[in-house]
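J.: Structure file input25.txt (compact mmCIF, C-alpha atoms and all ligand atoms) right here:
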```
# COMPACT_ATOMS: atom_id res chain seq x y z
CA MET A 39 143.79 108.01 -128.52
CA GLN A 40 147.10 108.43 -126.67
CA ARG A 41 148.02 105.36 -124.64
CA SER A 42 149.24 105.79 -121.06
CA LEU A 43 152.66 104.49 -120.07
CA LYS A 44 150.96 101.87 -117.89
CA GLU A 45 149.04 100.59 -120.96
CA ILE A 46 152.28 100.54 -122.98
CA ILE A 47 154.02 98.47 -120.28
CA LYS A 48 151.05 96.08 -119.98
CA ASN A 49 151.02 95.60 -123.76
CA THR A 50 154.76 94.90 -123.77
CA ILE A 51 154.18 92.08 -121.25
CA ILE A 52 151.13 90.71 -123.11
CA GLN A 53 152.99 90.70 -126.44
CA LYS A 54 155.91 88.80 -124.91
CA SER A 55 153.48 86.36 -123.23
CA LYS A 56 155.72 86.32 -120.17
CA PRO A 57 156.75 88.61 -117.31
CA ILE A 58 159.41 91.20 -118.06
CA GLY A 59 162.44 91.70 -115.79
CA PHE A 60 162.20 94.50 -113.22
CA ASP A 61 165.10 96.21 -115.02
CA GLU A 62 163.03 96.30 -118.21
CA PHE A 63 160.03 97.66 -116.29
CA MET A 64 162.19 100.34 -114.63
CA ASP A 65 163.70 101.29 -118.00
CA LEU A 66 160.23 101.81 -119.50
CA ALA A 67 158.89 103.64 -116.43
CA LEU A 68 161.83 106.06 -116.25
CA TYR A 69 163.05 106.42 -119.84
CA TYR A 70 160.23 105.59 -122.31
CA PRO A 71 160.43 108.43 -124.88
CA ALA A 72 158.30 111.45 -123.85
CA LYS A 73 156.36 109.44 -121.22
CA GLY A 74 158.98 108.03 -118.81
CA TYR A 75 159.67 109.80 -115.54
CA TYR A 76 162.99 111.23 -116.75
CA SER A 77 162.03 111.66 -120.42
CA GLY A 78 158.64 113.30 -119.80
CA GLY A 79 157.96 116.82 -118.59
CA MET A 80 157.74 116.17 -114.84
CA GLN A 81 159.36 118.78 -112.57
CA LYS A 82 161.30 116.00 -110.74
CA PHE A 83 163.96 117.94 -108.78
CA GLY A 84 163.59 120.54 -106.04
CA GLU A 85 160.85 121.53 -103.65
CA GLN A 86 158.18 121.54 -106.36
CA GLY A 87 159.30 118.12 -107.58
CA ASP A 88 159.62 114.68 -105.99
CA PHE A 89 163.06 114.75 -104.39
CA ILE A 90 165.98 117.11 -103.78
CA THR A 91 169.50 116.18 -104.83
CA ALA A 92 172.69 117.64 -103.33
CA PRO A 93 173.31 120.28 -106.04
CA GLU A 94 169.66 121.33 -105.78
CA THR A 95 170.23 121.76 -102.03
CA SER A 96 173.26 124.04 -102.17
CA ASP A 97 175.74 125.67 -104.54
CA LEU A 98 178.44 124.69 -102.05
CA PHE A 99 178.14 121.07 -103.19
CA GLY A 100 179.24 122.01 -106.72
CA PHE A 101 181.89 124.41 -105.42
CA CYS A 102 183.50 121.60 -103.39
CA LEU A 103 183.40 119.28 -106.40
CA ALA A 104 185.08 122.01 -108.44
CA ARG A 105 187.88 122.19 -105.87
CA GLN A 106 188.39 118.45 -106.25
CA CYS A 107 188.51 118.85 -110.05
CA THR A 108 191.35 121.39 -109.81
CA GLN A 109 193.75 118.60 -108.82
CA ILE A 110 193.20 117.01 -112.23
CA LEU A 111 192.40 119.85 -114.63
CA ASP A 112 195.47 121.16 -116.43
CA GLY A 113 194.04 123.42 -119.12
CA THR A 114 194.12 120.71 -121.79
CA ASN A 115 191.58 118.22 -120.43
CA ASP A 116 187.81 118.15 -119.94
CA ILE A 117 184.95 117.40 -117.57
CA LEU A 118 182.25 114.90 -118.52
CA GLU A 119 179.07 114.90 -116.44
CA PHE A 120 176.57 112.07 -116.72
CA GLY A 121 172.87 112.62 -116.02
CA ALA A 122 173.14 116.34 -115.31
CA GLY A 123 169.54 116.73 -114.09
CA SER A 124 168.47 120.38 -114.15
CA GLY A 125 171.99 121.51 -115.12
CA VAL A 126 172.57 123.22 -111.80
CA LEU A 127 175.63 121.13 -110.84
CA ALA A 128 177.33 121.97 -114.14
CA ALA A 129 176.67 125.67 -113.51
CA GLN A 130 178.07 125.45 -109.95
CA VAL A 131 181.22 123.60 -111.01
CA LEU A 132 181.88 125.91 -113.97
CA PHE A 133 181.23 129.02 -111.90
CA GLU A 134 183.72 128.00 -109.20
CA LEU A 135 186.34 126.77 -111.68
CA GLY A 136 186.03 130.11 -113.49
CA ARG A 137 186.57 131.92 -110.19
CA LEU A 138 189.64 129.76 -109.49
CA GLY A 139 190.96 130.31 -113.03
CA GLN A 140 190.93 126.57 -113.80
CA LEU A 141 188.21 126.02 -116.36
CA PRO A 142 188.16 122.75 -118.31
CA LYS A 143 188.63 122.88 -122.08
CA ASN A 144 185.12 121.47 -122.54
CA TYR A 145 182.32 120.58 -120.13
CA TYR A 146 180.64 117.61 -121.75
CA ILE A 147 177.19 116.43 -120.65
CA LEU A 148 175.80 113.00 -121.47
CA GLU A 149 172.10 112.92 -120.69
CA LEU A 150 169.57 110.29 -121.81
CA SER A 151 166.54 112.53 -121.50
CA ALA A 152 165.92 115.06 -124.30
CA GLU A 153 163.65 117.04 -121.99
CA LEU A 154 166.42 117.34 -119.39
CA GLN A 155 169.01 118.27 -122.03
CA GLN A 156 166.83 121.24 -122.91
CA ARG A 157 166.42 122.16 -119.25
CA GLN A 158 170.20 121.96 -118.74
CA GLN A 159 170.79 124.26 -121.72
CA ASP A 160 168.31 126.79 -120.33
CA THR A 161 169.87 126.70 -116.82
CA ILE A 162 173.46 127.20 -118.01
CA ALA A 163 172.49 129.84 -120.59
CA LYS A 164 170.72 131.76 -117.83
CA ILE A 165 173.38 131.49 -115.11
CA LEU A 166 176.60 131.46 -117.14
CA PRO A 167 175.94 132.69 -120.69
CA GLU A 168 179.63 133.55 -121.09
CA LEU A 169 180.64 129.89 -120.62
CA MET A 170 177.92 128.36 -122.80
CA ASP A 171 180.36 127.72 -125.66
CA ARG A 172 182.39 125.33 -123.48
CA VAL A 173 179.39 123.13 -122.72
CA VAL A 174 178.82 120.33 -125.22
CA TRP A 175 175.98 117.79 -125.11
CA LEU A 176 177.01 114.34 -126.31
CA ASN A 177 174.92 111.44 -127.58
CA GLY A 178 177.48 108.80 -126.70
CA LEU A 179 180.73 108.29 -124.85
CA PRO A 180 183.64 110.37 -126.21
CA GLU A 181 186.73 108.45 -127.36
CA ASN A 182 189.98 108.63 -125.35
CA PHE A 183 188.54 110.85 -122.64
CA SER A 184 190.98 112.59 -120.34
CA GLY A 185 189.92 114.70 -117.34
CA VAL A 186 187.20 114.36 -114.69
CA VAL A 187 183.98 112.33 -114.92
CA ILE A 188 181.17 113.31 -112.54
CA ALA A 189 178.00 111.32 -111.93
CA ASN A 190 175.78 112.46 -109.06
CA GLU A 191 172.81 110.18 -108.35
CA VAL A 192 173.08 108.51 -111.74
CA LEU A 193 173.94 104.92 -110.83
CA ASP A 194 170.86 104.69 -108.60
CA ALA A 195 168.68 105.70 -111.55
CA MET A 196 169.97 102.84 -113.71
CA PRO A 197 167.47 99.99 -114.12
CA ALA A 198 168.24 97.13 -111.72
CA LYS A 199 167.12 93.52 -111.51
CA ARG A 200 165.21 92.38 -108.45
CA LEU A 201 165.86 88.92 -107.00
CA ILE A 202 164.13 86.69 -104.45
CA TYR A 203 165.67 83.77 -102.56
CA GLN A 204 163.52 80.65 -102.78
CA ALA A 205 164.35 77.00 -102.13
CA GLY A 206 168.07 77.65 -101.84
CA LYS A 207 168.39 79.72 -105.06
CA PHE A 208 168.08 83.33 -106.15
CA LYS A 209 165.32 83.78 -108.76
CA GLU A 210 164.56 86.88 -110.76
CA LEU A 211 161.46 88.81 -109.71
CA GLY A 212 159.74 90.03 -112.83
CA VAL A 213 156.67 92.10 -113.59
CA ASP A 214 153.53 90.47 -114.96
CA CYS A 215 150.08 91.67 -116.00
CA GLN A 216 147.20 89.88 -114.25
CA ASN A 217 143.52 90.93 -114.33
CA ASP A 218 144.64 94.17 -115.93
CA ALA A 219 147.00 94.99 -113.04
CA LEU A 220 150.81 94.96 -112.83
CA VAL A 221 152.07 92.44 -110.26
CA TRP A 222 155.35 90.87 -109.14
CA GLN A 223 156.00 87.43 -110.63
CA THR A 224 158.87 85.04 -109.94
CA LYS A 225 160.83 84.17 -113.09
CA SER A 226 163.65 81.68 -113.63
CA ILE A 227 166.76 81.03 -111.50
CA TYR A 228 169.19 83.97 -111.68
CA ASN A 229 172.57 83.11 -113.16
CA ASN A 230 175.31 85.64 -113.72
CA ASP A 231 178.88 84.83 -112.71
CA LYS A 232 179.80 88.51 -112.70
CA MET A 233 177.42 89.39 -109.86
CA ARG A 234 178.29 88.26 -106.33
CA LEU A 235 175.33 87.27 -104.15
CA PRO A 236 175.05 86.26 -100.49
CA THR A 237 174.92 82.55 -99.76
CA GLU A 238 173.26 82.47 -96.36
CA VAL A 239 169.94 84.25 -96.45
CA THR A 240 166.46 83.22 -95.44
CA GLN A 241 163.60 82.09 -97.67
CA GLY A 242 161.88 85.10 -99.28
CA TYR A 243 164.92 87.43 -98.92
CA ILE A 244 164.76 90.12 -101.61
CA THR A 245 167.63 92.13 -103.06
CA GLU A 246 168.72 93.92 -106.23
CA VAL A 247 171.62 93.58 -108.68
CA ASN A 248 172.54 96.29 -111.14
CA GLU A 249 174.05 94.69 -114.23
CA ARG A 250 173.56 97.89 -116.23
CA ALA A 251 175.62 99.92 -113.79
CA ILE A 252 178.41 97.35 -114.13
CA ALA A 253 178.21 97.51 -117.94
CA TRP A 254 178.34 101.32 -117.68
CA VAL A 255 181.55 101.19 -115.60
CA GLU A 256 183.02 98.74 -118.11
CA SER A 257 182.35 101.06 -121.06
CA LEU A 258 183.69 104.02 -119.08
CA SER A 259 186.94 102.16 -118.45
CA GLU A 260 187.27 101.50 -122.18
CA THR A 261 186.73 105.13 -123.14
CA MET A 262 188.78 106.76 -120.39
CA ASP A 263 192.51 107.23 -120.97
CA LYS A 264 193.47 109.27 -117.96
CA GLY A 265 191.95 111.13 -115.04
CA LEU A 266 189.44 110.89 -112.23
CA VAL A 267 185.88 109.53 -111.92
CA LEU A 268 183.70 110.78 -109.04
CA LEU A 269 180.59 108.69 -108.38
CA ILE A 270 178.28 110.12 -105.74
CA ASP A 271 175.23 108.16 -104.76
CA TYR A 272 172.94 106.70 -102.16
CA GLY A 273 174.67 103.41 -101.40
CA ILE A 274 176.75 101.05 -99.30
CA GLY A 275 179.37 98.30 -99.52
CA ARG A 276 178.46 94.66 -100.16
CA GLU A 277 178.42 93.49 -96.56
CA GLU A 278 175.84 96.12 -95.60
CA TYR A 279 173.95 95.74 -98.87
CA PHE A 280 173.34 92.05 -98.22
CA HIS A 281 172.83 92.39 -94.48
CA PRO A 282 170.22 89.84 -93.34
CA GLN A 283 168.10 92.70 -91.97
CA ARG A 284 167.90 94.30 -95.42
CA GLY A 285 165.67 91.44 -96.55
CA ALA A 286 163.18 93.56 -98.48
CA GLY A 287 165.79 95.01 -100.83
CA THR A 288 166.60 98.66 -101.47
CA LEU A 289 163.94 99.62 -104.02
CA ARG A 290 162.40 103.05 -103.33
CA CYS A 291 159.93 105.21 -105.23
CA TYR A 292 159.52 108.96 -104.73
CA TYR A 293 156.36 110.89 -105.50
CA GLN A 294 155.98 114.45 -104.24
CA HIS A 295 158.58 113.92 -101.49
CA LYS A 296 156.87 110.77 -100.18
CA ALA A 297 158.78 107.48 -100.33
CA SER A 298 157.07 104.19 -101.09
CA GLU A 299 158.02 100.69 -102.19
CA ASN A 300 155.35 100.36 -104.84
CA PRO A 301 156.66 100.92 -108.39
CA PHE A 302 153.27 100.05 -109.95
CA VAL A 303 151.54 103.30 -109.00
CA HIS A 304 152.07 106.79 -110.51
CA ILE A 305 153.92 105.16 -113.42
CA GLY A 306 155.91 107.80 -115.32
CA LYS A 307 155.14 110.30 -112.56
CA GLN A 308 157.27 108.90 -109.74
CA ASP A 309 161.00 108.27 -109.45
CA ILE A 310 162.21 104.70 -108.96
CA THR A 311 165.65 103.98 -107.52
CA THR A 312 167.74 101.28 -105.89
CA SER A 313 170.76 101.79 -103.64
CA VAL A 314 174.20 101.39 -105.17
CA ASN A 315 176.30 98.36 -104.21
CA PHE A 316 179.63 100.23 -104.24
CA SER A 317 181.65 97.00 -103.88
CA ASP A 318 180.27 95.77 -107.21
CA ILE A 319 181.11 99.11 -108.84
CA ALA A 320 184.64 99.22 -107.38
CA GLU A 321 185.43 95.66 -108.51
CA ALA A 322 184.14 96.32 -112.04
CA ALA A 323 186.29 99.47 -112.14
CA GLU A 324 189.40 97.55 -111.05
CA ARG A 325 188.79 94.89 -113.69
CA GLY A 326 188.63 97.74 -116.22
CA GLY A 327 192.04 99.16 -115.21
CA PHE A 328 191.00 101.87 -112.74
CA GLU A 329 192.59 102.26 -109.35
CA VAL A 330 189.96 102.70 -106.64
CA GLN A 331 191.43 105.62 -104.70
CA GLY A 332 188.78 106.84 -102.33
CA TYR A 333 185.49 105.96 -100.69
CA ALA A 334 183.99 108.31 -98.12
CA THR A 335 180.70 109.61 -96.83
CA GLN A 336 179.43 112.71 -98.61
CA ALA A 337 179.85 114.59 -95.30
CA LEU A 338 183.55 113.86 -94.88
CA PHE A 339 184.24 114.35 -98.59
CA LEU A 340 182.73 117.85 -98.48
CA ILE A 341 184.43 118.67 -95.17
CA SER A 342 187.79 117.53 -96.61
CA LEU A 343 187.23 119.94 -99.47
CA GLY A 344 186.57 122.84 -97.10
CA ILE A 345 182.79 123.31 -97.22
CA ASP A 346 183.10 125.17 -93.89
CA GLU A 347 185.48 127.70 -95.46
CA TYR A 348 182.81 128.72 -97.96
CA LEU A 349 180.38 129.14 -95.09
CA LEU A 350 182.74 131.25 -93.00
CA ALA A 351 183.65 133.41 -95.99
CA GLU A 352 180.04 134.62 -96.27
CA GLN A 353 179.91 138.05 -94.60
CA GLU A 354 176.15 138.73 -94.64
CA THR A 355 174.45 137.26 -91.56
CA ASP A 356 171.19 136.26 -93.29
CA LYS A 357 172.98 134.61 -96.18
CA ARG A 358 175.32 132.80 -93.84
CA ALA A 359 172.37 131.45 -91.80
CA SER A 360 170.76 130.15 -94.96
CA LEU A 361 174.05 128.57 -96.13
CA ALA A 362 174.43 126.94 -92.71
CA GLN A 363 171.03 125.25 -93.16
CA GLN A 364 172.11 123.98 -96.58
CA VAL A 365 175.40 122.65 -95.22
CA LYS A 366 173.50 120.80 -92.48
CA GLN A 367 171.34 119.15 -95.10
CA LEU A 368 174.45 118.01 -97.01
CA VAL A 369 176.52 116.79 -94.06
CA LEU A 370 174.31 115.74 -91.15
CA PRO A 371 173.98 111.96 -90.74
CA SER A 372 170.22 112.35 -90.33
CA ALA A 373 170.06 114.09 -93.75
CA MET A 374 172.34 113.26 -96.71
CA GLY A 375 175.71 113.17 -94.92
CA GLU A 376 176.14 109.45 -94.33
CA SER A 377 173.72 107.67 -96.60
CA PHE A 378 175.40 109.26 -99.64
CA LYS A 379 178.92 108.12 -100.49
CA VAL A 380 181.60 109.27 -102.89
CA LEU A 381 183.67 106.71 -104.79
CA ALA A 382 186.78 107.95 -106.61
CA LEU A 383 188.43 106.01 -109.43
CA VAL A 384 191.65 107.11 -111.10
CA LYS A 385 193.45 106.05 -114.22
CA ASP A 386 197.05 106.81 -115.20
CA THR A 387 197.08 109.61 -112.63
CA GLN A 388 199.29 110.09 -109.56
CA VAL A 389 197.41 112.21 -107.05
CA GLU A 390 196.45 112.27 -103.38
CA LEU A 391 192.85 113.37 -103.62
CA GLN A 392 191.96 116.17 -101.25
CA GLY A 393 188.38 114.90 -100.86
CA PHE A 394 189.58 111.84 -98.92
CA LYS A 395 191.95 113.67 -96.59
CA GLU A 396 189.65 113.30 -93.57
CA GLN A 397 188.26 109.82 -94.29
CA ASN A 398 188.88 106.88 -96.57
CA LEU A 399 186.63 103.87 -96.11
CA LEU A 400 188.12 101.62 -98.80
CA HIS A 401 188.11 98.73 -96.30
CA LYS A 402 184.27 98.87 -96.31
CA LEU A 403 184.06 97.97 -99.99
C1 LIG B 501 168.36 111.27 -109.93
S1 LIG B 501 168.72 112.15 -111.38
C2 LIG B 501 170.14 113.07 -110.86
C3 LIG B 501 170.28 114.36 -111.59
C4 LIG B 501 171.49 115.22 -111.22
N1 LIG B 501 172.73 114.53 -111.41
C5 LIG B 501 171.39 115.80 -109.84
O1 LIG B 501 172.17 115.41 -108.99
O2 LIG B 501 170.50 116.64 -109.60
C6 LIG B 501 169.35 110.92 -112.46
C7 LIG B 501 169.82 111.42 -113.80
O3 LIG B 501 170.61 110.40 -114.44
C8 LIG B 501 170.24 110.33 -115.82
N2 LIG B 501 170.74 109.03 -116.31
C9 LIG B 501 170.37 107.79 -115.93
N3 LIG B 501 171.09 106.83 -116.57
C10 LIG B 501 171.97 107.49 -117.35
C11 LIG B 501 173.01 107.08 -118.24
N4 LIG B 501 173.26 105.78 -118.46
N5 LIG B 501 173.71 108.02 -118.89
C12 LIG B 501 173.46 109.33 -118.68
N6 LIG B 501 172.50 109.78 -117.86
C13 LIG B 501 171.76 108.88 -117.20
C14 LIG B 501 168.77 110.62 -115.80
O4 LIG B 501 168.23 110.95 -117.03
C15 LIG B 501 168.73 111.79 -114.78
O5 LIG B 501 169.07 113.00 -115.38
```
Show this structure as structure tokens.
T.:
Amino acid sequence: MQRSLKEIIKNTIIQKSKPIGFDEFMDLALYYPAKGYYSGGMQKFGEQGDFITAPETSDLFGFCLARQCTQILDGTNDILEFGAGSGVLAAQVLFELGRLGQLPKNYYILELSAELQQRQQDTIAKILPELMDRVVWLNGLPENFSGVVIANEVLDAMPAKRLIYQAGKFKELGVDCQNDALVWQTKSIYNNDKMRLPTEVTQGYITEVNERAIAWVESLSETMDKGLVLLIDYGIGREEYFHPQRGAGTLRCYYQHKASENPFVHIGKQDITTSVNFSDIAEAAERGGFEVQGYATQALFLISLGIDEYLLAEQETDKRASLAQQVKQLVLPSAMGESFKVLALVKDTQVELQGFKEQNLLHKL
């Protein structure tokens, strides 16, 4: 008989005879081969799925990103997209770069989920069959990469550790199996010099740290020779991240467009995310030799890149009304405009990035 993902996770804990870290739980729940949320066959994105990302909302998101890429692409370098979801962002960026006559040599995609790789191939083959030969799926980081790296909502899908403040120390909150149910369980004192934590918080304060995201930035800095990295995600700087009022952490689960804080239900069928601590990411990038060039809200980044020009260029009234709704969703503070941020890292590249013309919030990192 086929075992459910919940059974697999419970057995992992029982075999280890101790609670597993929340990062290990999240890794199994999202990426366990064929059964995890991202590796299984769930719809995930869009109205029929559990949540809608920016490229699923509007083509204009990818068109603006393409405009930003043109400042770096020179006909000899490439784009590398991490976690390309349904493949729709790749199609938008390639379409607009083709229109502008500035296609990259290759459009690489690095995606953990085999199911999503297949979906990405189908999307691009359907929308842009003529550009299919430029798109290459990788199984690992390329060596000496030069060009533009894009990662939209990827850092927030990386497994994070959850911590609780008790008796003057941060301890790791793990996942245990008790009476056949998955439950939170406090583990040992958390010690990692690389991760900065607040010192003055109250008993029971909960937060997250994402060591895997830091390790990912470190390997990116090793592999990247020259160019730009654009990280777009739901997140904030350290001061806001560790605000005393955010005492229950940033963990969120999404199932059929409903948010909850319970990762132990709908296992393998719901998304699990934590907000990005952009200060941690920026500092890791600087240690790895990147210059942190820009940090802005998604709204001001898209406005700087002329999202309104695309809207005004649409001549058909009905289409323009529909585009206007999409733009609202991307830029309004009550929608994605302010909670999503864009962080830009550059290496060996002299450029004033257009996307940060209207706003640069580096002081908030
Ligand atoms: C929330 S989805 C975002 C999908 C897409 N970028 C979009 O905006 O619609 C997260 C994606 O990141 C992928 N992912 C997570 N960690 C990754 C990693 N270390 N390398 C590459 N892809 C990763 C997941 O498999 C999934 O495709």
J.: What's the separation between atom CA of A:Glu329 and atom CA of A:Ser259, in Å to one decimal place?
T.: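 Going from atom CA of A:Glu329 over to atom CA of A:Ser259 covers 10.7 Å.
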J.: Counting all atoms listed in the file, which protein, DNA or RNA residues come within 6 Å of ligand LIG 501 (chain B), given as a PyMOL selection string?
T.: chain A and resi 76+91+93+120-123+148-151+190-192+195-196
J.: Could you check which of A:Gln392, A:Thr355, A:Asn217, A:Thr288 is closest to A:Lys48, using all atoms listed in the file?
T.: A:Asn217
J.: Which is closest to A:Lys232 among A:Phe280, A:Asp160, A:Leu166, A:Arg325, if we use all atoms listed in the file?
T.: A:Arg325
J.: For A:Leu66, which residue out of A:Asp116, A:Asp318, A:Glu324, A:Asp309 is the nearest one, using all atoms listed in the file?
T.: A:Asp309
J.: Can you list, as a PyMOL selection string, every protein, DNA or RNA residue that comes within 10 Å of A:Leu103 when you count all atoms listed in the file, leaving out same-chain residues fewer than 2 positions away?
T.: chain A and resi 98-101+105-108+127+130-131+134-135+188+268+339-340+343+393
J.: Using C-alpha atoms, can you write the selected residues to a file as a JSON list (two decimals), in the coordinates of the input?
T.:
```json
[["chain", "number", "residue", "atom", "x", "y", "z"],
["A", 98, "LEU", "CA", 178.44, 124.69, -102.05],
["A", 99, "PHE", "CA", 178.14, 121.07, -103.19],
["A", 100, "GLY", "CA", 179.24, 122.01, -106.72],
["A", 101, "PHE", "CA", 181.89, 124.41, -105.42],
["A", 105, "ARG", "CA", 187.88, 122.19, -105.87],
["A", 106, "GLN", "CA", 188.39, 118.45, -106.25],
["A", 107, "CYS", "CA", 188.51, 118.85, -110.05],
["A", 108, "THR", "CA", 191.35, 121.39, -109.81],
["A", 127, "LEU", "CA", 175.63, 121.13, -110.84],
["A", 130, "GLN", "CA", 178.07, 125.45, -109.95],
["A", 131, "VAL", "CA", 181.22, 123.60, -111.01],
["A", 134, "GLU", "CA", 183.72, 128.00, -109.20],
["A", 135, "LEU", "CA", 186.34, 126.77, -111.68],
["A", 188, "ILE", "CA", 181.17, 113.31, -112.54],
["A", 268, "LEU", "CA", 183.70, 110.78, -109.04],
["A", 339, "PHE", "CA", 184.24, 114.35, -98.59],
["A", 340, "LEU", "CA", 182.73, 117.85, -98.48],
["A", 343, "LEU", "CA", 187.23, 119.94, -99.47],
["A", 393, "GLY", "CA", 188.38, 114.90, -100.86]]
```
J.: Got a sec: who's within 12 Å of A:Gly375, counting all atoms listed in the file, leaving out chain neighbours fewer than 4 positions off, as a list in words?
T.: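 Contacts, with the query itself left out: Ala92, Phe99, Ile270, Asp271, Tyr272, Gly273, Ala334, Thr335, Gln336, Ala337, Leu338, Phe339, Leu340, Ile341, Gln364, Val365, Lys366, Gln367, Leu368, Val369, Leu370, Pro371, Lys379 and Val380 of chain A.
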J.: Could you list as a ChimeraX atom specification every residue that has an atom within 10 Å of (152.4, 106.8, -110.1), using the file's coordinates and counting all atoms listed in the file?
T.: /A:44,67,75,291-293,300-309
J.: Which residue gives the smallest distance to A:Leu193 among A:Ala152, A:Ala163, A:Ile227, A:Ile252, with all atoms listed in the file counted?
T.: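 Smallest separation from A:Leu193 among the options: A:Ile252.
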J.: Name the residues in contact with A:Thr240 at a cut-off of 9 Å, using all atoms listed in the file, excluding same-chain residues fewer than 4 positions from it; report them as a list in words.
T.: Tyr203, Gln204, Gly206, Pro282 and Gly285 of chain A
J.: Would you work out the distance separating atom CA of A:Leu141 from atom CA of A:Ile110, expressed in Å to one decimal?
T.: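 About the pair atom CA of A:Leu141 and atom CA of A:Ile110: they are 11.1 Å apart.
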J.: Could you name the residues that touch A:Pro197 at 6 Å or less, counting only C-alpha atoms, but leaving out those on the same chain fewer than 5 positions away, as a list in words?
T.: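 Near neighbours after the sequence-gap exclusion: Asp61, Met64 and Asp65 of chain A.
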J.: What gap, in Å, lies between atom CA of A:Cys215 and atom CA of A:Ile202?
T.: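 Atom-to-atom, atom CA of A:Cys215 to atom CA of A:Ile202, that is 18.9 Å.
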